[in-house]
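Asker: Before I ask anything, let me first share the structure, which is written out below as structure tokens.
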2 protein chains.
Amino acid sequence: MAASLNADDLQAVAGGGLLHRRLLLKSGLAMATALAAPTVAQSAGPDAPPVLPENPSSPSWLHQPGKPFSSYGSPSRFENRVIRSIGANRDLPGNGVSWTPLESLEGIITPSSLHFERHHNGVPDIDPAQHRLAIHGDVSAPQMFTIDNLLRYPMRTQTLVIECGGNSNAGWHYEPIQRSVGAFHGLVSCSEWTGVPLAILLDQVGVDPKASWVIAEGGDAAIMNVSIPLAKLMDDAIVALYQNGERIRPENGYPLRLIVPGWEGVVNVKWLRRLHITTEPAMARNETSKYTELLPTGKARMFTFVMDAKSLITSPSPGQKMHGANIYEIKGLAWSGRGRIAKVEVSADGGRSWAEALLQDPILPRCFTRFRAAWNWDGKPAILKSRATDETGYVQPERDVLVAERGRNGYFHYNAIVAWGIDEDGAVRHVYA
Amino acid sequence: MAASLNADDLQAVAGGGLLHRRLLLKSGLAMATALAAPTVAQSAGPDAPPVLPENPSSPSWLHQPGKPFSSYGSPSRFENRVIRSIGANRDLPGNGVSWTPLESLEGIITPSSLHFERHHNGVPDIDPAQHRLAIHGDVSAPQMFTIDNLLRYPMRTQTLVIECGGNSNAGWHYEPIQRSVGAFHGLVSCSEWTGVPLAILLDQVGVDPKASWVIAEGGDAAIMNVSIPLAKLMDDAIVALYQNGERIRPENGYPLRLIVPGWEGVVNVKWLRRLHITTEPAMARNETSKYTELLPTGKARMFTFVMDAKSLITSPSPGQKMHGANIYEIKGLAWSGRGRIAKVEVSADGGRSWAEALLQDPILPRCFTRFRAAWNWDGKPAILKSRATDETGYVQPERDVLVAERGRNGYFHYNAIVAWGIDEDGAVRHVYA
């Protein structure tokens with residue numbers, strides 16, 4: 001099929017062999033021939049299936065009845081390595097994180113079973129019949145909602161990223177860590193969340209006009225709380241009961257999670273049990289001792305709620321291997337807490353030149369956007385980067401710019417451009433470049 | 001909060017008390033007061049949480065550390081009744097269906113664990129390293145693809161409904177069956193599918209210009225096949241490897257499923273192992289003995305691939321119960337194999353008058369669209385219906401129209417308007433009306 005190759009199609013649009021994204025929308029004449037190398041089949045006759053010498057001639061599943069129906073399915077046993085990696089604190093049982101294996105996933109939905117976790121005292125086993133949500137404080141009619149109450153309210157559905165404010169913090173290290181993209185950047189996941197717009201419940205309790213903050217408290221044994229500006233909660237927060245179609249998983253807040261679109265994970269309070277309407281923040285642990293950073297200027301960053309635009313190349317990525325000089329589809333994820341992704345650019349020469357990537361529809365606000373780019377790799381060392389721009393015009397910064405601005409006390413909100421170095425042998429490493 | 005009630009808001013826009021859909025977009029002043037009945041809390045002081053007499057004062061999960069991290073999560077044990085209901089054929093092991101519990105789900109994504117199943121010989125346990133996809137017949141270069149080959153091709157993601165052509169066939173019965181909406185209509189599910197556009201692979205094998213049909217064969221022990229027009233496969237079919245972000249589940253075709261957007265489930269071949277390019281259909285079991293119906297005119301309906309527009313009210317629905325005269329959110333799902341849903345109307349008086357429902361964004365082609373409507377139920381007997389219109393102008397038909405057109409040999413493609421009768425005591429029954 002070499003005749004299908006079109007010289008224009010293989011014209012690089014940026015350094016290092018990046019091709020135009022239109023190639024991914026064509027039937028793939030050029031891509032297909034170069035990308036993969038299926039074995040040419042030997043036909044045993046016009047109507048017979050092709051036969052390959054190495055083809056297992058007759059696998060058992062073509063001859064034996066399969067397994068029975070299941071009332072609740074699970075993945076193939078051949079996919080049992082696609083799991084969250086767990087980073088638990090041995091001195092504090094139930095304290096730690098688990099990372100989403102971003103390098104093994106496609107599309108924009110994170111399966112609920114693989115959504116990242118951050119717990120302070122393990123996963124509570126909450127009986128929904130006994131759970132209550134209290135809304136009180138500067139209100140005219142404090143109320144206590146049961147789950148049955150809440151299930152009867154009007155609902156709204158939104159597909160949203162939740163990203164831990166501490167995601168990617170290994171990026172602050174002096175040396176680039178060598179880990180899979182999930183175990184480095186996987187404290188971010190994207191789900192379809194459904195629940196009651198919080199504005200409805202706040203209207204119902206009659207919020208005092210002088211109130212400006214809400215202290216949200218979770219119902220695990222850590223009983224953590226966090227302060228959130230009332231205006232944001234009135235604007236677009238959801239008291240979520242469903243995740244990806246079914247009721248929220250225990251590790252993600254069953255039976256109730258506060259969803260604060262585009263804001264750092266810590267304010268998306270799990271096992272939500274209390275919203276205290278007030279006029280000042282609580283100055284709780286997670287807004288003072290944590291999530292606060294001293295800047296080089298001597299000022300401290302606090303209440304840094306919004307997650308800025310960010311992108312990652314998930315394939316190729318560390319732990320994967322290139323198969324020699326060839327055309328590849330580069331793929332990755334971009335998102336912004338400020339709205340829609342407007343553009344993702346990819347570089348194969350360490351950021352000297354950039355080619356625009358193809359964005360997969362639908363492009364939704366504060367949601368993962370999958371991007372794809374075509375790359376004609378010549379087999380020589382290369383440095384891949386991706387750079388996201390959101391609809392507000394915000395552009396993901398280079399690492400040196402971020403470090404200069406935030407200084408060496410940085411720990412949270414690391415969203416710098418990520419660089420993968422490709423060696424001649426096809427190995428992929430995390431590099432600072 | 002009675003002062004928040006606005007007389008205009010409660011003005012019915014159709015018979016039986018249907019309210020304007022704008023009510024669902026407001027902060028919900030009116031809805032909230034009427035919809036649910038949270039208990040007014042007793043405050044124990046300005047900063048103390050409200051206390052209710054019946055509130056379990058201190059559930060165990062506020063005092064004991066929770067469960068450890070999990071590498072792959074699962075639902076709360078309190079949700080263990082949200083499962084697929086299985087209808088297996090006892091005489092033919094592995095032959096049957098399982099239904100998605102539509103009445104228990106929200107949003108538009110069906111969790112992969114609850115996606116409906118239809119099997120002829122159980123669920124094969126396929127080793128992806130041994131699986132092959134052969135494309136042969138009227139082609140210049142027959143080829144055999146491994147999964148590793150396919151994983152290197154450019155991919156596309158689309159969120160799509162798959163509906164069995166036999167879904168809802170109990171609608172043809174002379175008497176309305178009494179079952180949950182899932183166990184009646186649940187051979188339909190919606191997932192985010194990702195894989196290789198089939199056009200790329202067909203280009204690569206060099207399809208003969210005279211070819212017009214493709215015989216697709218699955219790799220379970222039933223080795224079923226089905227004939228699909230080549231033009232449709234060139235247009236938008238996907239050889240899918242991923243479902244809802246992770247690799248496809250075994251019961252949904254692991255490691256490969258042919259996705260044919262908008263067309264009946266049977267052509268979305270699971271465990272795809274062979275595409276035979278040819279000039280005529282195979283006239284296989286599932287296009288002759290099944291999926292073919294004699295019309296009253298004496299003609300037979302065959303190769304009825306496209307699934308027409310359809311809608312269902314999932315709440316309230318049979319098995320659920322109304323809580324007395326009050327304002328309710330009616331919710332449901334609509335979809336069309338021809339494209340986007342343009343409009344869903346809801347009736348509370350058996351179809352004499354209709355109110356337009358609110359459609360939840362994003363509205364995607366051949367995908368579930370969640371609709372919502374506000375209903376001020378007066379507590380008297382009522383008949384609820386929903387009616388979908390798609391972007392081609394096709395309108396979901398009333399049952400008597402469908403039965404007159406298709407006759408009493410109808411079994412497949414039942415998409416008539418569904419009616420739920422509400423009794424004075426709040427019980428919901430399936431009715432023909």
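Residue numbering restarts at 1 for every chain of the structure tokens, chains are lettered A, B, ... in their displayed order, and ligands are numbered from 1 as they appear.
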Output as a Markdown table one row per residue of segment 302-397 of chain B within 10 Å of segment 340-363 of chain A: the closest atom pair and its distance in Å to one decimal place, counting only C-alpha atoms, sorted by chain and residue number ascending.
Answerer:
| residue | atom | partner | partner_atom | distance |
| --- | --- | --- | --- | --- |
| B:Pro362 | CA | A:Pro362 | CA | 7.9 |
| B:Ile363 | CA | A:Pro362 | CA | 9.7 |
| B:Leu364 | CA | A:Pro362 | CA | 8.2 |
Asker: If the cut-off is 6 Å, can you tell me the residues of chain A near chain B, counting only C-alpha atoms? I'd like them as a VMD selection string.
Answerer: chain A and resid 27 to 28 36 38 to 41 46 61 to 68 71 to 73 75 to 76 83 to 84 94 105 to 107 109 to 110 113 to 114 121 to 124 137 142 to 145 149 154 157 199 to 200 220 to 221 244 to 246 249 to 250 329
Asker: So which residues touch segment 390-407 of chain B within 10 Å, counting only C-alpha atoms, skipping near sequence neighbours fewer than 5 positions away, as an MDAnalysis selection string?
Answerer: chainID B and resid 171:172 293:297 300:301 308:311 334:344 351 365:366 385 412:419 432:433
Asker: May I ask which of the residues A:Val266, A:Ala240, A:Leu258, A:Ala427 is the closest one to Gln178 of chain A, counting only C-alpha atoms?
Answerer: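 That would be A:Ala427, the residue with the smallest distance to Gln178 of chain A.
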Asker: Once DSSP has gone over the backbone, tell me which residues of segment 251-350 of chain A are in strand (DSSP E or B), as a VMD selection string.
Answerer: chain A and resid 257 to 259 263 270 272 to 278 293 to 294 300 to 301 306 310 to 315 318 320 to 321 326 to 335 341 to 347 349
Asker: Please dump the current selection as a CSV table (one decimal), in the first residue's frame; keep C-alpha atoms.
Answerer:
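As written to disk, again26.csv reads:
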chain,number,residue,atom,x,y,z
A,257,ARG,CA,-19.5,14.1,47.8
A,258,LEU,CA,-19.2,17.8,47.4
A,259,ILE,CA,-18.1,18.6,43.8
A,263,TRP,CA,-11.1,23.5,42.1
A,270,LYS,CA,-15.9,13.2,50.5
A,272,LEU,CA,-20.0,15.1,53.1
A,273,ARG,CA,-21.8,15.6,56.4
A,274,ARG,CA,-21.8,19.2,57.3
A,275,LEU,CA,-21.8,22.7,55.6
A,276,HIS,CA,-21.4,25.4,58.1
A,277,ILE,CA,-22.3,28.8,56.6
A,278,THR,CA,-20.2,31.6,58.1
A,293,GLU,CA,3.4,27.9,50.3
A,294,LEU,CA,5.9,30.6,50.9
A,300,ALA,CA,2.5,33.1,51.1
A,301,ARG,CA,0.1,31.5,48.6
A,306,VAL,CA,-8.4,26.8,41.0
A,310,LYS,CA,-2.1,21.2,32.4
A,311,SER,CA,-1.3,18.5,29.9
A,312,LEU,CA,0.5,15.2,29.8
A,313,ILE,CA,1.6,12.9,27.1
A,314,THR,CA,0.4,9.4,28.2
A,315,SER,CA,1.8,7.6,25.2
A,318,PRO,CA,8.1,6.3,30.8
A,320,GLN,CA,6.8,2.2,27.5
A,321,LYS,CA,9.1,1.5,24.7
A,326,ASN,CA,8.2,4.8,12.4
A,327,ILE,CA,5.1,6.9,12.5
A,328,TYR,CA,3.5,7.1,15.9
A,329,GLU,CA,0.3,8.5,17.4
A,330,ILE,CA,1.3,10.6,20.4
A,331,LYS,CA,-1.6,10.8,22.8
A,332,GLY,CA,-2.3,12.5,26.0
A,333,LEU,CA,-4.7,14.4,28.3
A,334,ALA,CA,-5.2,18.1,28.9
A,335,TRP,CA,-7.5,19.9,31.3
A,341,ILE,CA,-9.1,23.5,26.6
A,342,ALA,CA,-8.6,25.7,23.6
A,343,LYS,CA,-5.4,24.2,22.2
A,344,VAL,CA,-2.7,21.6,22.9
A,345,GLU,CA,0.6,21.8,21.2
A,346,VAL,CA,3.2,19.1,21.0
A,347,SER,CA,6.9,19.5,20.5
A,349,ASP,CA,12.5,19.0,19.8
Asker: Expressed in Å to a single decimal, how great is the separation between atom CA of Glu175 of chain B and atom CA of Val431 of chain B?
Answerer: 8.4 Å
Asker: Under the rule that only C-alpha atoms are counted, which of A:Gly17, A:Pro209, A:Gly253, A:Pro261 is the nearest residue to Lys232 of chain A?
Answerer: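 That would be A:Pro261, the residue with the smallest distance to Lys232 of chain A.
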Asker: Check the DSSP output for the backbone and give back, as a list in words, the residues of segment 81-213 of chain B in alpha helix (DSSP H).
Answerer: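 Alpha helix (DSSP H) members of segment 81-213 of chain B, listed: Ile147, Asp148, Asn149, Leu150, Leu151, Val181, Gly182, Ala183, Phe184, His185, Leu198, Ala199, Ile200, Leu201, Leu202, Asp203, Gln204 and Val205 of chain B.
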Asker: Given the selection you just returned, output its residues as a file containing N, CA and C atoms, formatted as an mmCIF file, in the first residue's frame.
Answerer:
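Here's the written file selection-v4.cif:
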data_model
loop_
_atom_site.group_PDB
_atom_site.id
_atom_site.type_symbol
_atom_site.label_atom_id
_atom_site.label_comp_id
_atom_site.auth_asym_id
_atom_site.auth_seq_id
_atom_site.Cartn_x
_atom_site.Cartn_y
_atom_site.Cartn_z
ATOM 1 N N ILE B 147 -3.404 -7.930 18.671
ATOM 2 C CA ILE B 147 -3.844 -6.814 19.526
ATOM 3 C C ILE B 147 -2.720 -5.780 19.633
ATOM 4 N N ASP B 148 -1.493 -6.240 19.741
ATOM 5 C CA ASP B 148 -0.368 -5.291 19.800
ATOM 6 C C ASP B 148 -0.286 -4.442 18.539
ATOM 7 N N ASN B 149 -0.549 -5.052 17.377
ATOM 8 C CA ASN B 149 -0.618 -4.252 16.144
ATOM 9 C C ASN B 149 -1.651 -3.140 16.307
ATOM 10 N N LEU B 150 -2.855 -3.556 16.706
ATOM 11 C CA LEU B 150 -3.978 -2.607 16.712
ATOM 12 C C LEU B 150 -3.773 -1.479 17.722
ATOM 13 N N LEU B 151 -3.113 -1.801 18.826
ATOM 14 C CA LEU B 151 -2.895 -0.767 19.856
ATOM 15 C C LEU B 151 -1.991 0.350 19.344
ATOM 16 N N VAL B 181 -38.162 -0.904 34.849
ATOM 17 C CA VAL B 181 -37.845 -0.378 33.512
ATOM 18 C C VAL B 181 -36.578 -1.052 32.969
ATOM 19 N N GLY B 182 -35.653 -1.396 33.844
ATOM 20 C CA GLY B 182 -34.441 -2.077 33.384
ATOM 21 C C GLY B 182 -34.723 -3.487 32.892
ATOM 22 N N ALA B 183 -35.541 -4.234 33.629
ATOM 23 C CA ALA B 183 -35.822 -5.622 33.257
ATOM 24 C C ALA B 183 -36.777 -5.706 32.068
ATOM 25 N N PHE B 184 -37.334 -4.582 31.662
ATOM 26 C CA PHE B 184 -38.222 -4.510 30.496
ATOM 27 C C PHE B 184 -37.444 -3.923 29.298
ATOM 28 N N HIS B 185 -36.752 -2.832 29.541
ATOM 29 C CA HIS B 185 -36.107 -2.098 28.439
ATOM 30 C C HIS B 185 -34.583 -2.042 28.551
ATOM 31 N N LEU B 198 -12.329 1.664 11.617
ATOM 32 C CA LEU B 198 -12.187 0.505 10.734
ATOM 33 C C LEU B 198 -11.747 0.922 9.328
ATOM 34 N N ALA B 199 -12.113 2.127 8.916
ATOM 35 C CA ALA B 199 -11.729 2.601 7.578
ATOM 36 C C ALA B 199 -10.212 2.513 7.375
ATOM 37 N N ILE B 200 -9.451 2.752 8.430
ATOM 38 C CA ILE B 200 -7.989 2.682 8.320
ATOM 39 C C ILE B 200 -7.556 1.268 7.950
ATOM 40 N N LEU B 201 -8.139 0.290 8.637
ATOM 41 C CA LEU B 201 -7.741 -1.106 8.384
ATOM 42 C C LEU B 201 -8.229 -1.575 7.013
ATOM 43 N N LEU B 202 -9.423 -1.108 6.629
ATOM 44 C CA LEU B 202 -9.964 -1.506 5.322
ATOM 45 C C LEU B 202 -9.130 -0.890 4.202
ATOM 46 N N ASP B 203 -8.705 0.333 4.376
ATOM 47 C CA ASP B 203 -7.813 0.955 3.398
ATOM 48 C C ASP B 203 -6.550 0.127 3.254
ATOM 49 N N GLN B 204 -6.075 -0.332 4.382
ATOM 50 C CA GLN B 204 -4.790 -1.014 4.372
ATOM 51 C C GLN B 204 -4.827 -2.358 3.637
ATOM 52 N N VAL B 205 -5.952 -3.052 3.732
ATOM 53 C CA VAL B 205 -6.029 -4.358 3.044
ATOM 54 C C VAL B 205 -6.400 -4.201 1.569
#
